[in-house]
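Engineer: Pasting my_file.cif here (mmCIF, C-alpha atoms):
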```cif
data_final
#
loop_
_atom_site.group_PDB
_atom_site.id
_atom_site.type_symbol
_atom_site.label_atom_id
_atom_site.label_comp_id
_atom_site.auth_asym_id
_atom_site.auth_seq_id
_atom_site.Cartn_x
_atom_site.Cartn_y
_atom_site.Cartn_z
ATOM 1 C CA MET M 53 -61.255 40.407 -29.773
ATOM 2 C CA SER M 54 -59.099 38.181 -31.988
ATOM 3 C CA THR M 55 -59.404 34.495 -32.692
ATOM 4 C CA GLN M 56 -56.560 32.315 -33.960
ATOM 5 C CA TYR M 57 -57.047 29.304 -36.221
ATOM 6 C CA ASP M 58 -54.508 26.689 -37.252
ATOM 7 C CA VAL M 59 -54.228 26.191 -40.999
ATOM 8 C CA THR M 60 -54.918 22.503 -41.455
ATOM 9 C CA GLY M 61 -55.408 19.778 -44.016
ATOM 10 C CA SER M 62 -55.564 20.038 -47.736
ATOM 11 C CA GLN M 63 -58.197 22.802 -47.837
ATOM 12 C CA GLN M 64 -56.862 25.955 -49.451
ATOM 13 C CA VAL M 65 -55.667 28.711 -47.144
ATOM 14 C CA THR M 66 -57.966 31.182 -48.863
ATOM 15 C CA ALA M 67 -61.039 29.042 -48.119
ATOM 16 C CA GLN M 68 -59.957 28.797 -44.490
ATOM 17 C CA ILE M 69 -59.597 32.587 -44.313
ATOM 18 C CA VAL M 70 -63.138 33.088 -45.624
ATOM 19 C CA GLU M 71 -64.494 30.543 -43.136
ATOM 20 C CA ALA M 72 -62.585 32.125 -40.240
ATOM 21 C CA VAL M 73 -63.866 35.619 -41.062
ATOM 22 C CA ALA M 74 -67.418 34.316 -41.471
ATOM 23 C CA ALA M 75 -67.175 32.621 -38.063
ATOM 24 C CA GLN M 76 -65.850 35.835 -36.477
ATOM 25 C CA LYS M 77 -68.696 37.865 -37.972
ATOM 26 C CA GLU M 78 -71.261 35.097 -37.402
ATOM 27 C CA VAL M 79 -72.404 35.113 -41.044
ATOM 28 C CA ASP M 80 -72.543 32.590 -43.865
ATOM 29 C CA PRO M 81 -69.279 32.584 -45.894
ATOM 30 C CA LEU M 82 -71.333 33.170 -49.054
ATOM 31 C CA ASP M 83 -72.577 36.468 -47.601
ATOM 32 C CA LEU M 84 -69.041 37.917 -47.549
ATOM 33 C CA GLN M 85 -67.447 39.970 -50.293
ATOM 34 C CA PRO M 86 -65.359 37.667 -52.528
ATOM 35 C CA LEU M 87 -61.820 37.437 -51.148
ATOM 36 C CA TYR M 88 -60.360 37.901 -54.642
ATOM 37 C CA GLU M 89 -61.605 41.502 -54.567
ATOM 38 C CA ILE M 90 -59.209 42.164 -51.660
ATOM 39 C CA VAL M 91 -56.150 39.980 -52.359
ATOM 40 C CA ASP M 92 -54.982 37.734 -55.178
ATOM 41 C CA PRO M 93 -55.883 34.222 -53.921
ATOM 42 C CA GLU M 94 -53.311 32.471 -56.115
ATOM 43 C CA ALA M 95 -50.536 34.750 -54.882
ATOM 44 C CA LEU M 96 -51.652 34.235 -51.281
ATOM 45 C CA GLU M 97 -51.589 30.459 -51.700
ATOM 46 C CA ALA M 98 -48.151 30.642 -53.364
ATOM 47 C CA LEU M 99 -46.691 32.791 -50.583
ATOM 48 C CA PHE M 100 -47.330 30.076 -48.026
ATOM 49 C CA ALA M 101 -46.822 26.962 -50.136
ATOM 50 C CA PRO M 102 -43.722 24.858 -49.459
ATOM 51 C CA THR M 103 -40.625 25.688 -51.491
ATOM 52 C CA SER M 104 -39.628 23.499 -54.437
ATOM 53 C CA ALA M 105 -37.236 21.766 -52.014
ATOM 54 C CA GLY M 106 -40.223 20.917 -49.800
ATOM 55 C CA THR M 107 -39.309 23.172 -46.887
ATOM 56 C CA GLU M 108 -41.860 25.421 -45.218
ATOM 57 C CA ARG M 109 -41.709 29.156 -45.760
ATOM 58 C CA ASP M 110 -41.725 31.715 -42.961
ATOM 59 C CA GLY M 111 -43.589 34.971 -43.332
ATOM 60 C CA ARG M 112 -46.582 37.033 -42.431
ATOM 61 C CA ILE M 113 -49.228 38.994 -44.307
ATOM 62 C CA GLU M 114 -51.972 41.210 -42.904
ATOM 63 C CA PHE M 115 -54.971 42.721 -44.640
ATOM 64 C CA THR M 116 -58.449 43.993 -43.900
ATOM 65 C CA TYR M 117 -61.326 41.851 -45.161
ATOM 66 C CA ALA M 118 -65.033 42.294 -44.421
ATOM 67 C CA GLY M 119 -64.303 44.633 -41.515
ATOM 68 C CA CYS M 120 -61.829 42.197 -39.949
ATOM 69 C CA ARG M 121 -58.077 42.367 -39.589
ATOM 70 C CA VAL M 122 -56.718 39.109 -41.022
ATOM 71 C CA THR M 123 -53.179 37.917 -40.307
ATOM 72 C CA LEU M 124 -51.774 34.832 -41.986
ATOM 73 C CA ALA M 125 -48.489 33.784 -40.417
ATOM 74 C CA ALA M 126 -46.077 30.947 -41.025
ATOM 75 C CA ALA M 127 -43.235 30.214 -38.643
ATOM 76 C CA GLY M 128 -43.139 26.458 -38.329
ATOM 77 C CA GLU M 129 -46.933 26.330 -38.049
ATOM 78 C CA ARG M 130 -49.345 28.271 -40.220
ATOM 79 C CA THR M 131 -52.044 30.276 -38.433
ATOM 80 C CA ILE M 132 -54.846 32.638 -39.331
ATOM 81 C CA THR M 133 -55.752 35.327 -36.799
ATOM 82 C CA VAL M 134 -58.976 37.268 -37.273
ATOM 83 C CA GLY M 135 -59.878 40.347 -35.266
ATOM 84 C CA ASP M 136 -62.037 43.437 -35.527
ATOM 85 C CA ALA M 137 -60.285 45.921 -37.798
ATOM 86 C CA THR M 138 -61.637 48.892 -35.853
ATOM 87 C CA THR M 139 -60.113 47.805 -32.531
ATOM 88 C CA SER M 140 -56.872 46.191 -33.662
ATOM 89 C CA GLY M 141 -54.787 49.217 -32.699
ATOM 90 C CA GLN M 142 -52.976 49.047 -36.034
ATOM 91 C CA ASP M 143 -53.384 51.090 -39.152
ATOM 92 C CA HIS M 144 -55.705 49.550 -41.663
ATOM 93 C CA ASN M 145 -53.411 49.473 -44.654
ATOM 94 C CA ASN M 146 -52.381 46.098 -45.933
ATOM 95 C CA SER M 147 -48.940 45.150 -44.715
ATOM 96 C CA PHE M 148 -46.610 42.422 -45.740
ATOM 97 C CA GLY M 149 -43.931 40.928 -43.554
ATOM 98 C CA ARG M 150 -40.649 39.473 -44.744
ATOM 99 C CA GLN M 151 -41.311 36.554 -47.050
ATOM 100 C CA GLU M 152 -38.716 34.304 -48.612
ATOM 101 C CA LEU M 153 -39.930 33.788 -52.149
ATOM 102 C CA LEU M 154 -36.838 32.283 -53.680
ATOM 103 C CA ASP M 155 -36.466 28.507 -53.607
#
```
What would the structure in this file look like if it were written as structure tokens?

Structural biologist:
Amino acid sequence: MSTQYDVTGSQQVTAQIVEAVAAQKEVDPLDLQPLYEIVDPEALEALFAPTSAGTERDGRIEFTYAGCRVTLAAAGERTITVGDATTSGQDHNNSFGRQELLD
């Protein structure tokens, strides 16, 4: 089962990912492995930050964290989808969708 969350407000995307995974697993966020051991939080934030011109970026990144398949997508709206990595039907390697990094 997967749950989708809208990325909202000024809270960092990485904090929202940790909270979403904790909610999915029904544990305290502090009980999870640090996210920085899986992905570079600064790079993750930069991938989905607005361009220097202020426009939103489109892209998608998937990775496994704490036994969950995490997908962060941006296509107009930014969303986090969290599902069980063992039943996602996808391989469990990290995958990165097309991302426009040039401003």

Engineer: Rounded to one decimal place, report the atom CA of M:Ala72-atom CA of M:Ser104 distance in Å.

Structural biologist: 28.3 Å

Engineer: I'd like the contact shell of M:Gly128 - 12 Å cut-off, all atoms listed in the file, skipping same-chain residues fewer than 4 positions apart - returned as a ChimeraX atom specification.

Structural biologist: /M:58-59,100,102,107-112

Engineer: Using C-alpha atoms, can you export the residues from the last selection as a short mmCIF file (atom, residue, chain, number, x, y, z; two decimals), keeping the file's coordinate frame?

Structural biologist:
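Now in selection_7.cif:
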```
data_model
loop_
_atom_site.label_atom_id
_atom_site.label_comp_id
_atom_site.auth_asym_id
_atom_site.auth_seq_id
_atom_site.Cartn_x
_atom_site.Cartn_y
_atom_site.Cartn_z
CA ASP M 58 -54.51 26.69 -37.25
CA VAL M 59 -54.23 26.19 -41.00
CA PHE M 100 -47.33 30.08 -48.03
CA PRO M 102 -43.72 24.86 -49.46
CA THR M 107 -39.31 23.17 -46.89
CA GLU M 108 -41.86 25.42 -45.22
CA ARG M 109 -41.71 29.16 -45.76
CA ASP M 110 -41.72 31.72 -42.96
CA GLY M 111 -43.59 34.97 -43.33
CA ARG M 112 -46.58 37.03 -42.43
#
```

Engineer: Atom CA of M:Gln63 to atom CA of M:Thr138: how many Å, to one decimal?

Structural biologist: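 So the answer is 28.9 Å.
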
Engineer: Can you tell me how far atom CA of M:Arg130 sits from atom CA of M:Thr60, in Å to one decimal?

Structural biologist: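 The value is 8.1 Å.
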
Engineer: In terms of the shortest atom-to-atom distance over all atoms listed in the file, which of M:Val65, M:Leu82, M:Met53, M:Leu96 is closest to M:Gly135?

Structural biologist: M:Met53

Engineer: I'd like to know which of M:Val134, M:Gly61, M:Glu114, M:Ala67 is closest to M:Pro81, using only C-alpha atoms.

Structural biologist: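 The answer is M:Ala67, which sits nearest to M:Pro81.
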
Engineer: Enumerate, as a ChimeraX atom specification, the residues matched when the PyMOL selection byres ((chain M and resi 56) around 6) is run on the file above.

Structural biologist: /M:55,57,132-133

Engineer: May I have the residues from that selection written out with C-alpha atoms, as a short mmCIF file (atom, residue, chain, number, x, y, z; two decimals), keeping the file's coordinate frame?

Structural biologist:
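Generated output (out-v9.cif):
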```
data_model
loop_
_atom_site.label_atom_id
_atom_site.label_comp_id
_atom_site.auth_asym_id
_atom_site.auth_seq_id
_atom_site.Cartn_x
_atom_site.Cartn_y
_atom_site.Cartn_z
CA THR M 55 -59.40 34.49 -32.69
CA TYR M 57 -57.05 29.30 -36.22
CA ILE M 132 -54.85 32.64 -39.33
CA THR M 133 -55.75 35.33 -36.80
#
```

Engineer: Output the residue selection produced by the PyMOL selection byres ((chain M and resi 86-89) around 8) on the file above, formatted as a count of residues only.

Structural biologist: 9

Engineer: Would you mind completing stretch 81-94 of chain M so that it carries N, CA, C and O atoms, and writing it out as a PDB file, in the coordinates of the input?

Structural biologist:
```pdb
ATOM      1  N   PRO M  81     -70.408  32.184 -45.036  1.00  0.00           N
ATOM      2  CA  PRO M  81     -69.279  32.584 -45.894  1.00  0.00           C
ATOM      3  C   PRO M  81     -69.726  33.155 -47.245  1.00  0.00           C
ATOM      4  O   PRO M  81     -69.063  34.033 -47.791  1.00  0.00           O
ATOM      5  N   LEU M  82     -70.846  32.679 -47.766  1.00  0.00           N
ATOM      6  CA  LEU M  82     -71.333  33.170 -49.054  1.00  0.00           C
ATOM      7  C   LEU M  82     -71.864  34.594 -48.982  1.00  0.00           C
ATOM      8  O   LEU M  82     -72.046  35.244 -50.013  1.00  0.00           O
ATOM      9  N   ASP M  83     -72.096  35.098 -47.771  1.00  0.00           N
ATOM     10  CA  ASP M  83     -72.577  36.468 -47.601  1.00  0.00           C
ATOM     11  C   ASP M  83     -71.437  37.487 -47.595  1.00  0.00           C
ATOM     12  O   ASP M  83     -71.693  38.691 -47.626  1.00  0.00           O
ATOM     13  N   LEU M  84     -70.198  37.015 -47.568  1.00  0.00           N
ATOM     14  CA  LEU M  84     -69.041  37.917 -47.549  1.00  0.00           C
ATOM     15  C   LEU M  84     -68.662  38.347 -48.963  1.00  0.00           C
ATOM     16  O   LEU M  84     -68.919  37.640 -49.939  1.00  0.00           O
ATOM     17  N   GLN M  85     -68.029  39.500 -49.042  1.00  0.00           N
ATOM     18  CA  GLN M  85     -67.447  39.970 -50.293  1.00  0.00           C
ATOM     19  C   GLN M  85     -66.440  38.918 -50.760  1.00  0.00           C
ATOM     20  O   GLN M  85     -65.712  38.341 -49.936  1.00  0.00           O
ATOM     21  N   PRO M  86     -66.360  38.649 -52.064  1.00  0.00           N
ATOM     22  CA  PRO M  86     -65.359  37.667 -52.528  1.00  0.00           C
ATOM     23  C   PRO M  86     -63.944  38.085 -52.122  1.00  0.00           C
ATOM     24  O   PRO M  86     -63.570  39.256 -52.271  1.00  0.00           O
ATOM     25  N   LEU M  87     -63.180  37.145 -51.604  1.00  0.00           N
ATOM     26  CA  LEU M  87     -61.820  37.437 -51.148  1.00  0.00           C
ATOM     27  C   LEU M  87     -60.950  37.956 -52.290  1.00  0.00           C
ATOM     28  O   LEU M  87     -60.092  38.807 -52.080  1.00  0.00           O
ATOM     29  N   TYR M  88     -61.186  37.483 -53.515  1.00  0.00           N
ATOM     30  CA  TYR M  88     -60.360  37.901 -54.642  1.00  0.00           C
ATOM     31  C   TYR M  88     -60.488  39.390 -54.951  1.00  0.00           C
ATOM     32  O   TYR M  88     -59.659  39.944 -55.665  1.00  0.00           O
ATOM     33  N   GLU M  89     -61.496  40.049 -54.392  1.00  0.00           N
ATOM     34  CA  GLU M  89     -61.605  41.502 -54.567  1.00  0.00           C
ATOM     35  C   GLU M  89     -60.664  42.256 -53.623  1.00  0.00           C
ATOM     36  O   GLU M  89     -60.466  43.458 -53.772  1.00  0.00           O
ATOM     37  N   ILE M  90     -60.101  41.554 -52.648  1.00  0.00           N
ATOM     38  CA  ILE M  90     -59.209  42.164 -51.660  1.00  0.00           C
ATOM     39  C   ILE M  90     -57.752  41.780 -51.903  1.00  0.00           C
ATOM     40  O   ILE M  90     -56.866  42.618 -51.868  1.00  0.00           O
ATOM     41  N   VAL M  91     -57.505  40.498 -52.118  1.00  0.00           N
ATOM     42  CA  VAL M  91     -56.150  39.980 -52.359  1.00  0.00           C
ATOM     43  C   VAL M  91     -56.210  38.971 -53.502  1.00  0.00           C
ATOM     44  O   VAL M  91     -57.263  38.406 -53.788  1.00  0.00           O
ATOM     45  N   ASP M  92     -55.086  38.738 -54.116  1.00  0.00           N
ATOM     46  CA  ASP M  92     -54.982  37.734 -55.178  1.00  0.00           C
ATOM     47  C   ASP M  92     -54.872  36.363 -54.519  1.00  0.00           C
ATOM     48  O   ASP M  92     -53.842  36.056 -53.900  1.00  0.00           O
ATOM     49  N   PRO M  93     -55.907  35.522 -54.608  1.00  0.00           N
ATOM     50  CA  PRO M  93     -55.883  34.222 -53.921  1.00  0.00           C
ATOM     51  C   PRO M  93     -54.737  33.318 -54.358  1.00  0.00           C
ATOM     52  O   PRO M  93     -54.142  32.636 -53.524  1.00  0.00           O
ATOM     53  N   GLU M  94     -54.405  33.317 -55.646  1.00  0.00           N
ATOM     54  CA  GLU M  94     -53.311  32.471 -56.115  1.00  0.00           C
ATOM     55  C   GLU M  94     -51.980  32.924 -55.530  1.00  0.00           C
ATOM     56  O   GLU M  94     -51.151  32.098 -55.141  1.00  0.00           O
TER      57      GLU M  94
END
```
